[in-house]
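Okay, final-v2.pdb is below, PDB, C-alpha atoms:
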ATOM      1  CA  GLN A 222      17.822  81.082 -41.234
ATOM      2  CA  LYS A 223      18.142  77.920 -43.282
ATOM      3  CA  GLU A 224      21.645  76.764 -44.117
ATOM      4  CA  VAL A 225      20.885  76.687 -47.826
ATOM      5  CA  GLU A 226      18.204  78.889 -49.320
ATOM      6  CA  GLN A 227      16.616  78.889 -52.723
ATOM      7  CA  ASN A 228      13.579  80.603 -54.159
ATOM      8  CA  SER A 229      10.927  77.932 -54.514
ATOM      9  CA  GLY A 230       9.613  79.405 -57.746
ATOM     10  CA  PRO A 231       8.125  78.478 -60.017
ATOM     11  CA  LEU A 232      10.496  80.263 -62.329
ATOM     12  CA  SER A 233       8.997  80.475 -65.782
ATOM     13  CA  VAL A 234      11.112  81.256 -68.855
ATOM     14  CA  PRO A 235      10.378  81.006 -72.588
ATOM     15  CA  GLU A 236      12.127  78.415 -74.686
ATOM     16  CA  GLY A 237      15.537  79.608 -75.834
ATOM     17  CA  ALA A 238      15.978  82.071 -72.965
ATOM     18  CA  ILE A 239      18.537  81.961 -70.170
ATOM     19  CA  ALA A 240      17.270  80.566 -66.887
ATOM     20  CA  SER A 241      19.027  81.828 -63.767
ATOM     21  CA  LEU A 242      18.755  79.870 -60.540
ATOM     22  CA  ASN A 243      20.180  81.209 -57.326
ATOM     23  CA  CYS A 244      21.221  79.765 -53.995
ATOM     24  CA  THR A 245      22.649  81.311 -50.842
ATOM     25  CA  TYR A 246      24.325  79.536 -47.963
ATOM     26  CA  SER A 247      25.116  80.477 -44.399
ATOM     27  CA  ASP A 248      28.368  78.663 -43.572
ATOM     28  CA  ARG A 249      31.409  80.532 -44.850
ATOM     29  CA  GLY A 250      33.491  77.410 -44.378
ATOM     30  CA  SER A 251      31.646  75.522 -47.093
ATOM     31  CA  GLN A 252      34.054  74.323 -49.748
ATOM     32  CA  SER A 253      32.112  72.718 -52.542
ATOM     33  CA  PHE A 254      28.716  73.197 -54.084
ATOM     34  CA  PHE A 255      26.484  71.027 -56.180
ATOM     35  CA  TRP A 256      23.520  71.422 -58.491
ATOM     36  CA  TYR A 257      21.078  68.574 -58.887
ATOM     37  CA  ARG A 258      18.101  68.348 -61.202
ATOM     38  CA  GLN A 259      14.984  66.446 -60.175
ATOM     39  CA  TYR A 260      12.179  65.654 -62.553
ATOM     40  CA  SER A 261       8.755  65.104 -61.032
ATOM     41  CA  GLY A 262       8.545  61.629 -59.530
ATOM     42  CA  LYS A 263      12.219  60.917 -60.159
ATOM     43  CA  SER A 264      15.387  60.997 -58.099
ATOM     44  CA  PRO A 265      17.863  63.884 -58.055
ATOM     45  CA  GLU A 266      20.611  63.683 -60.661
ATOM     46  CA  LEU A 267      23.885  65.542 -60.474
ATOM     47  CA  ILE A 268      24.324  68.297 -63.054
ATOM     48  CA  MET A 269      27.583  69.831 -61.931
ATOM     49  CA  PHE A 270      29.679  70.915 -58.995
ATOM     50  CA  ILE A 271      31.968  73.831 -58.331
ATOM     51  CA  TYR A 272      34.766  74.467 -55.832
ATOM     52  CA  SER A 273      36.439  77.667 -56.916
ATOM     53  CA  ASN A 274      35.209  81.220 -57.168
ATOM     54  CA  GLY A 275      34.141  82.173 -60.643
ATOM     55  CA  ASP A 276      32.394  80.339 -63.426
ATOM     56  CA  LYS A 277      32.390  76.722 -64.480
ATOM     57  CA  GLU A 278      30.812  75.789 -67.780
ATOM     58  CA  ASP A 279      29.497  72.443 -68.959
ATOM     59  CA  GLY A 280      27.552  72.547 -72.185
ATOM     60  CA  ARG A 281      24.496  74.761 -71.729
ATOM     61  CA  PHE A 282      25.051  74.927 -67.978
ATOM     62  CA  THR A 283      27.220  77.426 -66.125
ATOM     63  CA  ALA A 284      27.715  77.371 -62.369
ATOM     64  CA  GLN A 285      28.866  80.575 -60.710
ATOM     65  CA  LEU A 286      30.333  80.763 -57.231
ATOM     66  CA  ASN A 287      30.964  83.829 -55.118
ATOM     67  CA  LYS A 288      32.268  82.791 -51.706
ATOM     68  CA  ALA A 289      32.556  86.331 -50.406
ATOM     69  CA  SER A 290      28.843  86.885 -50.977
ATOM     70  CA  GLN A 291      27.982  83.286 -50.145
ATOM     71  CA  TYR A 292      25.983  82.538 -53.209
ATOM     72  CA  VAL A 293      26.089  80.040 -55.993
ATOM     73  CA  SER A 294      24.024  80.190 -59.147
ATOM     74  CA  LEU A 295      23.209  78.042 -62.131
ATOM     75  CA  LEU A 296      22.614  79.479 -65.569
ATOM     76  CA  ILE A 297      20.940  77.421 -68.251
ATOM     77  CA  ARG A 298      21.416  78.835 -71.729
ATOM     78  CA  ASP A 299      19.032  78.128 -74.600
ATOM     79  CA  SER A 300      16.477  76.688 -72.167
ATOM     80  CA  GLN A 301      14.427  73.777 -73.475
ATOM     81  CA  PRO A 302      11.073  72.419 -72.289
ATOM     82  CA  SER A 303      13.000  69.302 -71.226
ATOM     83  CA  ASP A 304      14.831  71.469 -68.682
ATOM     84  CA  SER A 305      11.566  71.895 -66.768
ATOM     85  CA  ALA A 306      12.300  70.345 -63.379
ATOM     86  CA  THR A 307      13.185  71.239 -59.812
ATOM     87  CA  TYR A 308      16.787  72.303 -59.328
ATOM     88  CA  LEU A 309      18.394  71.558 -55.980
ATOM     89  CA  CYS A 310      21.408  73.387 -54.656
ATOM     90  CA  ALA A 311      23.585  71.491 -52.164
ATOM     91  CA  VAL A 312      26.463  72.607 -50.002
ATOM     92  CA  ASN A 313      29.196  70.303 -48.753
ATOM     93  CA  ARG A 314      29.486  70.473 -44.969
ATOM     94  CA  GLY A 315      31.128  67.091 -44.695
ATOM     95  CA  LYS A 316      27.743  65.905 -45.823
ATOM     96  CA  LEU A 317      25.502  67.552 -48.395
ATOM     97  CA  ILE A 318      22.961  70.052 -47.147
ATOM     98  CA  PHE A 319      20.234  70.624 -49.715
ATOM     99  CA  GLY A 320      18.102  73.642 -50.347
ATOM    100  CA  GLN A 321      14.366  73.308 -50.899
ATOM    101  CA  GLY A 322      14.782  73.521 -54.653
ATOM    102  CA  THR A 323      13.584  75.900 -57.355
ATOM    103  CA  GLU A 324      10.949  74.739 -59.785
ATOM    104  CA  LEU A 325      11.766  75.749 -63.348
ATOM    105  CA  SER A 326       9.194  75.778 -66.116
ATOM    106  CA  VAL A 327      10.339  76.354 -69.703
ATOM    107  CA  LYS A 328       7.444  77.310 -71.965
ATOM    108  CA  PRO A 329       7.541  76.382 -75.668
TER     109      PRO A 329
ATOM    110  CA  ASP B 168      25.631  50.619 -66.218
ATOM    111  CA  ALA B 169      26.455  51.369 -62.584
ATOM    112  CA  ARG B 170      23.567  52.686 -60.570
ATOM    113  CA  VAL B 171      22.119  52.615 -57.082
ATOM    114  CA  THR B 172      19.221  50.214 -56.687
ATOM    115  CA  GLN B 173      16.492  50.350 -54.067
ATOM    116  CA  THR B 174      13.748  47.976 -53.058
ATOM    117  CA  PRO B 175      10.839  48.103 -52.773
ATOM    118  CA  ARG B 176       9.941  50.952 -55.119
ATOM    119  CA  ASP B 177       6.556  51.409 -53.498
ATOM    120  CA  LYS B 178       5.319  50.341 -50.102
ATOM    121  CA  VAL B 179       1.896  50.807 -48.559
ATOM    122  CA  THR B 180       1.512  49.694 -44.982
ATOM    123  CA  GLU B 181      -0.613  50.275 -41.940
ATOM    124  CA  MET B 182       0.380  52.277 -38.931
ATOM    125  CA  GLY B 183       2.349  50.220 -36.446
ATOM    126  CA  GLN B 184       3.842  47.857 -38.992
ATOM    127  CA  GLU B 185       7.563  47.388 -39.539
ATOM    128  CA  VAL B 186       9.009  48.666 -42.788
ATOM    129  CA  THR B 187      12.398  47.710 -44.195
ATOM    130  CA  MET B 188      13.924  49.465 -47.187
ATOM    131  CA  ARG B 189      17.013  48.159 -48.943
ATOM    132  CA  CYS B 190      19.693  49.801 -51.000
ATOM    133  CA  GLN B 191      22.522  48.445 -53.114
ATOM    134  CA  PRO B 192      25.154  51.154 -53.625
ATOM    135  CA  ILE B 193      27.265  51.475 -56.747
ATOM    136  CA  LEU B 194      30.057  48.913 -56.657
ATOM    137  CA  GLY B 195      33.206  50.500 -55.274
ATOM    138  CA  HIS B 196      31.474  53.394 -53.562
ATOM    139  CA  ASN B 197      32.349  53.583 -49.881
ATOM    140  CA  THR B 198      29.814  56.142 -48.679
ATOM    141  CA  VAL B 199      26.081  55.533 -48.448
ATOM    142  CA  PHE B 200      23.404  58.067 -47.552
ATOM    143  CA  TRP B 201      19.736  57.777 -46.614
ATOM    144  CA  TYR B 202      17.453  60.732 -47.344
ATOM    145  CA  ARG B 203      13.781  61.415 -46.872
ATOM    146  CA  GLN B 204      11.909  63.796 -49.150
ATOM    147  CA  THR B 205       8.549  65.405 -48.483
ATOM    148  CA  MET B 206       6.851  68.436 -49.981
ATOM    149  CA  MET B 207       7.019  70.270 -46.677
ATOM    150  CA  GLN B 208      10.564  69.486 -45.577
ATOM    151  CA  GLY B 209      12.324  68.888 -48.848
ATOM    152  CA  LEU B 210      15.300  66.540 -48.925
ATOM    153  CA  GLU B 211      16.517  65.645 -45.443
ATOM    154  CA  LEU B 212      19.573  63.576 -44.603
ATOM    155  CA  LEU B 213      18.690  60.803 -42.180
ATOM    156  CA  ALA B 214      21.982  58.942 -41.866
ATOM    157  CA  TYR B 215      25.163  58.079 -43.673
ATOM    158  CA  PHE B 216      27.882  55.482 -43.608
ATOM    159  CA  ARG B 217      31.478  55.416 -44.705
ATOM    160  CA  ASN B 218      33.191  52.080 -45.160
ATOM    161  CA  ARG B 219      30.087  50.552 -43.550
ATOM    162  CA  ALA B 220      30.539  52.512 -40.312
ATOM    163  CA  PRO B 221      27.780  54.931 -39.314
ATOM    164  CA  LEU B 222      29.128  58.499 -39.357
ATOM    165  CA  ASP B 223      26.048  60.557 -38.724
ATOM    166  CA  ASP B 224      22.505  59.593 -37.886
ATOM    167  CA  SER B 225      21.498  62.848 -36.256
ATOM    168  CA  GLY B 226      18.690  63.372 -38.760
ATOM    169  CA  MET B 227      16.989  60.143 -37.860
ATOM    170  CA  PRO B 228      14.329  59.691 -35.159
ATOM    171  CA  LYS B 229      16.169  57.199 -32.984
ATOM    172  CA  ASP B 230      13.163  55.734 -31.271
ATOM    173  CA  ARG B 231      11.727  54.187 -34.423
ATOM    174  CA  PHE B 232      14.316  54.362 -37.181
ATOM    175  CA  SER B 233      17.449  52.298 -37.580
ATOM    176  CA  ALA B 234      19.987  52.093 -40.374
ATOM    177  CA  GLU B 235      22.600  49.425 -40.954
ATOM    178  CA  MET B 236      25.100  48.202 -43.518
ATOM    179  CA  PRO B 237      25.439  44.455 -43.059
ATOM    180  CA  ASP B 238      27.942  44.368 -45.904
ATOM    181  CA  ALA B 239      29.409  46.672 -48.548
ATOM    182  CA  THR B 240      26.688  45.842 -51.052
ATOM    183  CA  LEU B 241      23.654  46.338 -48.829
ATOM    184  CA  ALA B 242      22.295  49.156 -46.716
ATOM    185  CA  THR B 243      18.994  48.932 -44.861
ATOM    186  CA  LEU B 244      16.657  51.470 -43.306
ATOM    187  CA  LYS B 245      14.075  50.148 -40.912
ATOM    188  CA  ILE B 246      11.089  51.862 -39.339
ATOM    189  CA  GLN B 247       9.395  50.163 -36.401
ATOM    190  CA  PRO B 248       6.656  51.013 -35.663
ATOM    191  CA  SER B 249       5.692  53.077 -38.689
ATOM    192  CA  GLU B 250       3.456  56.133 -38.402
ATOM    193  CA  PRO B 251       1.483  58.136 -40.991
ATOM    194  CA  ARG B 252       3.964  61.018 -40.676
ATOM    195  CA  ASP B 253       6.667  58.697 -42.024
ATOM    196  CA  SER B 254       4.965  58.766 -45.426
ATOM    197  CA  ALA B 255       7.567  60.125 -47.829
ATOM    198  CA  VAL B 256       9.980  59.117 -50.557
ATOM    199  CA  TYR B 257      13.145  57.597 -49.138
ATOM    200  CA  PHE B 258      16.260  57.889 -51.257
ATOM    201  CA  CYS B 259      19.527  56.087 -50.937
ATOM    202  CA  ALA B 260      22.619  57.648 -52.487
ATOM    203  CA  SER B 261      26.199  56.481 -52.753
ATOM    204  CA  GLY B 262      29.502  58.149 -53.417
ATOM    205  CA  LEU B 263      33.242  57.828 -53.125
ATOM    206  CA  ALA B 264      34.882  59.703 -50.282
ATOM    207  CA  GLY B 265      37.528  62.106 -51.503
ATOM    208  CA  HIS B 266      35.655  62.883 -54.688
ATOM    209  CA  GLY B 267      34.107  66.024 -53.342
ATOM    210  CA  ASN B 268      31.047  64.326 -51.951
ATOM    211  CA  GLU B 269      29.422  63.719 -55.317
ATOM    212  CA  GLN B 270      26.452  61.521 -54.658
ATOM    213  CA  PHE B 271      24.421  59.361 -56.993
ATOM    214  CA  PHE B 272      20.838  58.700 -56.043
ATOM    215  CA  GLY B 273      18.769  55.583 -56.313
ATOM    216  CA  PRO B 274      15.195  55.647 -57.662
ATOM    217  CA  GLY B 275      13.680  55.927 -54.184
ATOM    218  CA  THR B 276      11.095  54.038 -52.166
ATOM    219  CA  ARG B 277       7.703  55.712 -51.943
ATOM    220  CA  LEU B 278       6.307  54.839 -48.513
ATOM    221  CA  THR B 279       2.680  55.351 -47.581
ATOM    222  CA  VAL B 280       1.640  54.628 -44.013
ATOM    223  CA  LEU B 281      -2.118  54.485 -43.547
TER     224      LEU B 281
END
Do you think you could lay out the structure here as structure tokens?
Amino acid sequence: QKEVEQNSGPLSVPEGAIASLNCTYSDRGSQSFFWYRQYSGKSPELIMFIYSNGDKEDGRFTAQLNKASQYVSLLIRDSQPSDSATYLCAVNRGKLIFGQGTELSVKP
Amino acid sequence: DARVTQTPRDKVTEMGQEVTMRCQPILGHNTVFWYRQTMMQGLELLAYFRNRAPLDDSGMPKDRFSAEMPDATLATLKIQPSEPRDSAVYFCASGLAGHGNEQFFGPGTRLTVL
């Protein structure tokens, strides 16, 4: 079992819809969680991070953390074609452990 | 505009040659990471430094890879000798310890070993 797992996708959603990206992790001791976005041929860029159970909102993005179930998710509201990218989940184990990423495609 | 810089951006070399990649972390950041990204393996941590001291290089093949931080503004990753399986994009990232391990990535070095 990988330490951080994500569906590779591609996840395809129509423009304006909510995109839901999910990530599970194996180490219950993990304390903080990160979402990065990576456009094709570019480097990962930090979208947001979350430490506490519940929701954290930043603009169109909402991160959700459930430590009991060991999952973290990212919701993107009003999805735009410019959101099309690979989304990487990372778990802090003293160093960041990244999942394989989920490819998101937002269709106009 | 603070950002991580990496050189070279692209490198094509022949098997057996030495390759050196350089990274300038964001000024003031005390933690530097080296990652390798391939389609098959995704983003893998090779090594990282805090306050210039190596903390973890368990992800790095020791026989051919070496990472150093000669000073706070320069980190290097060296491969000697290079092999075709080393072809990948190598990212450097920097962060500030105590800030939850947020990391900011450089543009990467695309390495092709023929």
Between B:Val179, B:Ala214, B:Ala169, B:Leu278, which one has atoms that come closest to chain A, using all atoms listed in the file?
B:Ala214
Any idea what the distance is between atom CA of B:Thr187 and atom CA of B:Asp224?
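Between these atoms lies a distance of 16.8 Å.
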With 8 Å as the cut-off and only C-alpha atoms counted, what is the closest atom pair between each nearby residue of chain B and chain A? Distances in Å to one decimal, ordered by chain and number, as a Markdown table.
| residue | atom | partner | partner_atom | distance |
| --- | --- | --- | --- | --- |
| B:Gln208 | CA | A:Gln321 | CA | 7.6 |
| B:Gly209 | CA | A:Gln321 | CA | 5.3 |
| B:Leu210 | CA | A:Phe319 | CA | 6.5 |
| B:Glu211 | CA | A:Phe319 | CA | 7.5 |
| B:Leu212 | CA | A:Ile318 | CA | 7.7 |
| B:Phe258 | CA | A:Ser264 | CA | 7.6 |
| B:Gly267 | CA | A:Ser253 | CA | 7.0 |
| B:Asn268 | CA | A:Asn313 | CA | 7.0 |
| B:Glu269 | CA | A:Leu267 | CA | 7.8 |
| B:Gln270 | CA | A:Leu267 | CA | 7.5 |
| B:Phe271 | CA | A:Glu266 | CA | 6.8 |
| B:Phe272 | CA | A:Ser264 | CA | 6.3 |
| B:Gly273 | CA | A:Ser264 | CA | 6.6 |
| B:Pro274 | CA | A:Ser264 | CA | 5.4 |
| B:Gly275 | CA | A:Ser264 | CA | 6.6 |
Quick check, in Å to one decimal: how far apart do atom CA of B:Thr174 and atom CA of A:Ile268 lie?
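These atoms are spaced 25.0 Å apart.
Candidate residues B:Val199, B:Ala255, B:Val171, B:Met182 were compared for distance to B:Asp238, and the nearest is B:Val199, using all atoms listed in the file.
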Expressed in Å to a single decimal, how great is the separation between atom CA of A:Ser241 and atom CA of B:Tyr202?
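Atom-to-atom, atom CA of A:Ser241 and atom CA of B:Tyr202 are spaced 26.8 Å apart.
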Would you compute an axis-aligned box for stretch 185-198 of chain B, covering every atom listed for it in the file with 8 Å of margin on each side, and report centre and edge lengths in Å to one decimal as AutoDock Vina command-line options?
--center_x 20.4 --center_y 51.8 --center_z -48.1 --size_x 41.6 --size_y 24.8 --size_z 33.2
List the residues selected by the PyMOL selection byres ((chain A and resi 249) around 12) in the file shown, writing them as a list in words.
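This file, filtered by the PyMOL selection byres ((chain A and resi 249) around 12), leaves Glu224, Val225, Thr245, Tyr246, Ser247, Asp248, Gly250, Ser251, Gln252, Ser253, Asn287, Lys288, Ala289, Ser290, Gln291, Tyr292, Val312, Asn313 and Arg314 of chain A.
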Enumerate, as a PyMOL selection string, the residues matched when the PyMOL selection byres ((chain B and resi 223) around 12) is run on the file above.
(chain A and resi 315-317) or (chain B and resi 198-201+212-217+219-222+224-227+229+233-235)
Test item: which residues lie within 12 Å of (30.3, 75.1, -68.4) counting all atoms listed in the file, as a list of chain:residue names
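Protein and nucleic acid residues near the point are A:Ile268, A:Met269, A:Phe270, A:Ile271, A:Gly275, A:Asp276, A:Lys277, A:Glu278, A:Asp279, A:Gly280, A:Arg281, A:Phe282, A:Thr283, A:Ala284, A:Gln285, A:Leu295, A:Leu296, A:Ile297, A:Arg298.
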Neighbours of point (21.4, 47.4, -46.4) within 10 Å, using all atoms listed in the file, written as a short mmCIF file (atom, residue, chain, number, x, y, z; two decimals) with C-alpha atoms, keeping the file's coordinate frame:
data_model
loop_
_atom_site.label_atom_id
_atom_site.label_comp_id
_atom_site.auth_asym_id
_atom_site.auth_seq_id
_atom_site.Cartn_x
_atom_site.Cartn_y
_atom_site.Cartn_z
CA GLN B 173 16.49 50.35 -54.07
CA THR B 187 12.40 47.71 -44.20
CA MET B 188 13.92 49.46 -47.19
CA ARG B 189 17.01 48.16 -48.94
CA CYS B 190 19.69 49.80 -51.00
CA GLN B 191 22.52 48.44 -53.11
CA PRO B 192 25.15 51.15 -53.62
CA VAL B 199 26.08 55.53 -48.45
CA ARG B 219 30.09 50.55 -43.55
CA ALA B 234 19.99 52.09 -40.37
CA GLU B 235 22.60 49.42 -40.95
CA MET B 236 25.10 48.20 -43.52
CA PRO B 237 25.44 44.46 -43.06
CA ASP B 238 27.94 44.37 -45.90
CA ALA B 239 29.41 46.67 -48.55
CA THR B 240 26.69 45.84 -51.05
CA LEU B 241 23.65 46.34 -48.83
CA ALA B 242 22.30 49.16 -46.72
CA THR B 243 18.99 48.93 -44.86
CA LEU B 244 16.66 51.47 -43.31
CA LYS B 245 14.08 50.15 -40.91
CA CYS B 259 19.53 56.09 -50.94
#
Using only C-alpha atoms: which of A:Ser300, A:Ser326, A:Ser294, A:Ser261 has the shortest distance to A:Leu232
A:Ser326
Spatial neighbours of B:Leu281, 7 Å, all atoms listed in the file, chain gap at least 6 places, as a PDB file with C-alpha atoms, in the frame of the given file:
ATOM      1  CA  THR B 180       1.512  49.694 -44.982  1.00  0.00           C
ATOM      2  CA  GLU B 181      -0.613  50.275 -41.940  1.00  0.00           C
ATOM      3  CA  MET B 182       0.380  52.277 -38.931  1.00  0.00           C
ATOM      4  CA  PRO B 251       1.483  58.136 -40.991  1.00  0.00           C
TER       5      PRO B 251
END
